[in-house]
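S.K.: Could you have a look at this structure, given as structure tokens, before my questions?
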Amino acid sequence: VPLYEYECLNCKAQFEKLVFNSQTEVLCSACGSPRVAQKLSVFAVGSSQGTAKTAPDAGPCGNCEAAQRGLCGGAS
Ligand SMILES: [Zn+2]
């Protein structure tokens, strides 16, 4: 859900509002004026942190930090 930040052109109040579609009329939360300017859009973060499945410390074993295959006793 997009969260937009607005500034009122009438009273200069700044506020945020969820806008579900472009037809939504945004009124100033302070004075009720429809003359507001959209400042920027803020989207929820955290969806694009694609950290990996591979362990960064994986050694030659590939499954653990064992120096050699077989030391970890894991899958062949
Ligand atoms: Zn206002």
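Ordering of the structure tokens sets the chain letters (A, B, ...), residue numbers begin anew at 1 in every chain, and ligands are numbered from 1 in the order given.
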Give me, as a tab-separated table, the closest atom pair and its distance (Å, one decimal) for every residue of chain A within a cut-off of 6 Å of ligand 1, counting only C-alpha atoms and all ligand atoms, rows sorted by chain and rising number.
M.R.:
residue	atom	partner	partner_atom_place_in_ligand_line	distance
A:Cys8	CA	ligand 1	1 (Zn)	4.6
A:Asn10	CA	ligand 1	1 (Zn)	5.0
A:Cys11	CA	ligand 1	1 (Zn)	4.1
A:Lys12	CA	ligand 1	1 (Zn)	6.0
A:Ala13	CA	ligand 1	1 (Zn)	5.3
A:Cys28	CA	ligand 1	1 (Zn)	4.6
A:Ala30	CA	ligand 1	1 (Zn)	4.9
A:Cys31	CA	ligand 1	1 (Zn)	4.1
A:Gly32	CA	ligand 1	1 (Zn)	5.8
A:Ser33	CA	ligand 1	1 (Zn)	5.4
S.K.: Which polymer residues have any atom within 6 Å of an atom of Val36 (chain A), counting only C-alpha atoms, with same-chain residues fewer than 2 positions away left out, as a PyMOL selection string?
M.R.: chain A and resi 7-9+34
S.K.: Taking only C-alpha atoms into account, name the residue in A:Tyr4, A:Ala66, A:Cys72, A:Lys39 that is nearest to Ser22 (chain A).
M.R.: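 When distances to Ser22 (chain A) are compared using only C-alpha atoms, the smallest one comes from A:Tyr4.
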S.K.: Give me, as a PyMOL selection string, all polymer residues having an atom no more than 6 Å from Glu5 (chain A), counting only C-alpha atoms and skipping those fewer than 4 positions away in the same chain.
M.R.: chain A and resi 15-16+38-40
